[in-house]
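S.K.: Structure in structure tokens, see below.
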Amino acid sequence: MSENKPRPRIPQPPAANKRQEPLPWESPKPKGEDAESPTRLQAILNSPSYKPAIEDVDFLDSDYARSVRLQLDYMKTYQGLRKAGIDRTLVVFGSTRIVEPAAARRRVEQYRDALVADPDNKHLQHKLFIAEKILAKSHYYETAREFTRLVASESAKSEKPCLTIVTGGGPGMMEAANRGADDVSAKTVGLNITLPHEQYPNPYVTPELCFQFHYFALRKMHFIMHAKALVVFPGGFGTFDELFETLTLIQTRKIKPLPVVLVGREYWRRAFDVNFLVEEGVIDEEDRDLFWYAETAEEIWEGLQCWYENSGEKLI
């Protein structure tokens, strides 16, 4: 700018959140101008329609907002896992009813004591029968805990990004899997689901990595998105749901094949007769090899590493 040319007046920047003169809408219509104004205004402020959409829980729970809820269900967990640097996971599933051995024994003892006082009670007899079945399978709790402790320990030694244990976040076998990783101070993920009956996540999930889903479909997506393996312990409908969904995705090559291990040969051969399905012609011979059986933590871990070596890769 020329020294002889007058300098233009440059106004001071306005304050970011403050005005010298208030704008007209910053004050409600005075009562003096309309005696009904305050009542009318309060009715508007109290109306659900006036709530911002992100604060209107009833609207967010409505059918109209389902597409938004689907996005949020996906995005929140995706952001949380990315923030934690988790992109390689090992998913463990199994029954919520198979508890640790000490708890299983206590339950058996409780029913036995109750039957001493009421030996002909059919209901108690059935409860004892089931409790004894759970006790017989409770060693799987320790196997799952030992396995994930092994995975977390071996993964920590690797130059690759860590394998992070992911479960459904509930009790039983999922608790055991989260607990094993937590035993060696490894991060561990729980993908919980909202249900009509209140449920609690198991206490061994890393707090900032426990996510709660509204939709099963989005939860399933997050189970598989970063999974390097699926290890399945004895379980019921929920366990079967995740198992067969994954096997279908591998069978159809909708996803890149990943190893699937069924822990507990005797249980799984009775619960899921793959040979019968092949003989009936409803699956192909090659589909037998979409999974294999294992019994111990070491056997599971060695099998996973062997599968990856056979594929020309390394798990860790």
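How things are named: the first chain in the structure tokens is A, the next is B, and so on; residues count from 1 in each chain; ligands count from 1 in the order shown.
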Please report as JSON lines every residue of stretch 110-157 of chain A lying within 10 Å of stretch 170-181 of chain A, along with the nearest atom pair and their distance in Å (one decimal), using only C-alpha atoms.

M.R.:
```
{"residue": "A:Ser138", "atom": "CA", "partner": "A:Met173", "partner_atom": "CA", "distance": 9.1}
{"residue": "A:Tyr140", "atom": "CA", "partner": "A:Met173", "partner_atom": "CA", "distance": 7.6}
{"residue": "A:Tyr141", "atom": "CA", "partner": "A:Ala176", "partner_atom": "CA", "distance": 5.5}
{"residue": "A:Glu142", "atom": "CA", "partner": "A:Ala176", "partner_atom": "CA", "distance": 7.0}
{"residue": "A:Thr143", "atom": "CA", "partner": "A:Ala176", "partner_atom": "CA", "distance": 8.4}
{"residue": "A:Ala144", "atom": "CA", "partner": "A:Ala177", "partner_atom": "CA", "distance": 5.3}
{"residue": "A:Arg145", "atom": "CA", "partner": "A:Gly180", "partner_atom": "CA", "distance": 4.1}
{"residue": "A:Glu146", "atom": "CA", "partner": "A:Gly180", "partner_atom": "CA", "distance": 6.0}
{"residue": "A:Phe147", "atom": "CA", "partner": "A:Gly180", "partner_atom": "CA", "distance": 7.2}
{"residue": "A:Thr148", "atom": "CA", "partner": "A:Gly180", "partner_atom": "CA", "distance": 5.0}
{"residue": "A:Arg149", "atom": "CA", "partner": "A:Gly180", "partner_atom": "CA", "distance": 4.3}
{"residue": "A:Leu150", "atom": "CA", "partner": "A:Gly180", "partner_atom": "CA", "distance": 8.0}
{"residue": "A:Val151", "atom": "CA", "partner": "A:Ala181", "partner_atom": "CA", "distance": 7.7}
{"residue": "A:Ala152", "atom": "CA", "partner": "A:Ala181", "partner_atom": "CA", "distance": 5.6}
{"residue": "A:Ser153", "atom": "CA", "partner": "A:Ala181", "partner_atom": "CA", "distance": 8.1}
```

S.K.: Give me, as a PyMOL selection string, all polymer residues having an atom no more than 12 Å from A:Ala103, counting only C-alpha atoms and skipping those fewer than 2 positions away in the same chain.

M.R.: chain A and resi 97-101+105-110+131-132+134-135+138-139+141+172

S.K.: Any chance you could export the current selection's C-alpha atoms as a PDB file, in the first residue's frame?

M.R.:
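Contents of part-v4.pdb, freshly written:
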```pdb
ATOM      1  CA  ARG A  97     -24.585 -71.370  30.590  1.00  0.00           C
ATOM      2  CA  ILE A  98     -21.253 -73.195  30.889  1.00  0.00           C
ATOM      3  CA  VAL A  99     -19.757 -71.622  34.002  1.00  0.00           C
ATOM      4  CA  GLU A 100     -16.402 -72.087  35.721  1.00  0.00           C
ATOM      5  CA  PRO A 101     -15.969 -75.426  37.542  1.00  0.00           C
ATOM      6  CA  ARG A 105     -19.995 -77.640  41.499  1.00  0.00           C
ATOM      7  CA  ARG A 106     -21.788 -75.279  43.876  1.00  0.00           C
ATOM      8  CA  ARG A 107     -24.912 -75.491  41.762  1.00  0.00           C
ATOM      9  CA  VAL A 108     -24.832 -79.291  41.765  1.00  0.00           C
ATOM     10  CA  GLU A 109     -24.384 -79.336  45.539  1.00  0.00           C
ATOM     11  CA  GLN A 110     -27.306 -76.946  46.025  1.00  0.00           C
ATOM     12  CA  ALA A 131     -26.487 -78.991  36.588  1.00  0.00           C
ATOM     13  CA  GLU A 132     -24.461 -82.212  36.382  1.00  0.00           C
ATOM     14  CA  ILE A 134     -23.003 -78.336  32.935  1.00  0.00           C
ATOM     15  CA  LEU A 135     -20.446 -79.472  35.522  1.00  0.00           C
ATOM     16  CA  SER A 138     -17.217 -76.820  32.858  1.00  0.00           C
ATOM     17  CA  HIS A 139     -13.649 -77.822  31.983  1.00  0.00           C
ATOM     18  CA  TYR A 141     -14.303 -72.750  30.710  1.00  0.00           C
ATOM     19  CA  GLY A 172     -20.055 -68.438  30.485  1.00  0.00           C
TER      20      GLY A 172
END
```

S.K.: DSSP on the backbone: which residues in stretch 10-246 of chain A end up as strand (DSSP E)? Give the answer as number ranges by chain.

M.R.: A: 89-93, 164-167, 188-193, 210-213, 227-232

S.K.: Please indicate the distance in Å from atom CA of A:Tyr200 to atom CA of A:Asp182, rounded to one decimal place.

M.R.: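 Between atom CA of A:Tyr200 and atom CA of A:Asp182 the gap is 17.7 Å.
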
S.K.: When you count only C-alpha atoms, which of these residues is closest to A:Leu191: A:Val91, A:Ile283, A:Leu249, A:Val232?

M.R.: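 Between A:Val91, A:Ile283, A:Leu249, A:Val232, the residue approaching A:Leu191 most closely is A:Val91.
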
S.K.: Could you give me, as a PDB file with C-alpha atoms, in the first residue's frame, the residues within 8 Å of A:Thr206, counting only C-alpha atoms and dropping anything in the same chain fewer than 5 positions from it?

M.R.:
```
ATOM      1  CA  ASP A 182      -7.316 -60.069  30.817  1.00  0.00           C
ATOM      2  CA  LYS A 187      -7.071 -55.657  25.695  1.00  0.00           C
ATOM      3  CA  THR A 188     -10.191 -57.679  25.050  1.00  0.00           C
ATOM      4  CA  VAL A 189     -13.421 -56.788  23.239  1.00  0.00           C
ATOM      5  CA  GLY A 190     -17.055 -57.547  24.093  1.00  0.00           C
TER       6      GLY A 190
END
```

S.K.: Closest to A:Phe291 among A:Tyr50, A:Phe223, A:Tyr204, A:Phe272, using only C-alpha atoms?

M.R.: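 Looking at the shortest contact to A:Phe291, the residue is A:Phe272.
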
S.K.: Which distance in Å separates atom CA of A:Cys306 and atom CA of A:Met225, to one decimal?

M.R.: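 So the two atoms, atom CA of A:Cys306 and atom CA of A:Met225, lie 22.1 Å apart.
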
S.K.: When you look at A:Pro30 with a cut-off of 12 Å (counting only C-alpha atoms), what residues show up, excluding the ones that are within fewer than 6 positions of it in the same chain? I need them as a list in words.

M.R.: Pro24, Glu36, Ser37, Pro38, Thr39, Arg40 and Leu41 of chain A

S.K.: What is the distance between atom CA of A:Gln199 and atom CA of A:Val92, in Å to one decimal?

M.R.: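 These two atoms are separated by 19.1 Å.
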
S.K.: Among stretch 13-253 of chain A, which ones does DSSP assign to helix (DSSP H, G or I) (computed from the backbone)? Answer as a PyMOL selection string.

M.R.: chain A and resi 24-26+37-46+48-50+53-55+57-60+63-83+101-117+122-137+139-157+173-183+207-209+216-225+237-251

S.K.: Quick one: everything within 10 Å of A:Asp241, counting only C-alpha atoms, minus sequence neighbours fewer than 5 positions away in the same chain. Send it as a PyMOL selection string.

M.R.: chain A and resi 220+236+246

S.K.: Could you take the residues named above and write them with C-alpha atoms, as a PDB file, in the first residue's frame?

M.R.:
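Just written: result.pdb:
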```pdb
ATOM      1  CA  LYS A 220     -22.418 -60.121  13.392  1.00  0.00           C
ATOM      2  CA  GLY A 236     -26.791 -73.381  22.010  1.00  0.00           C
ATOM      3  CA  THR A 246     -19.603 -67.853   9.346  1.00  0.00           C
TER       4      THR A 246
END
```

S.K.: Which residues come within 9 Å of A:Val274, counting only C-alpha atoms, excluding same-chain residues fewer than 4 positions away, as a list in words?

M.R.: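 My list of contacting residues is Arg269, Val278, Glu279, Ile283, Asp287 and Arg288 of chain A.
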
S.K.: From the set A:Leu218, A:Leu243, A:Leu262, A:Ala102, which residue has the shortest atom-to-atom contact distance to A:Gln71, counting only C-alpha atoms?

M.R.: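 Looking only at the distances to A:Gln71, the closest residue turns out to be A:Leu218.
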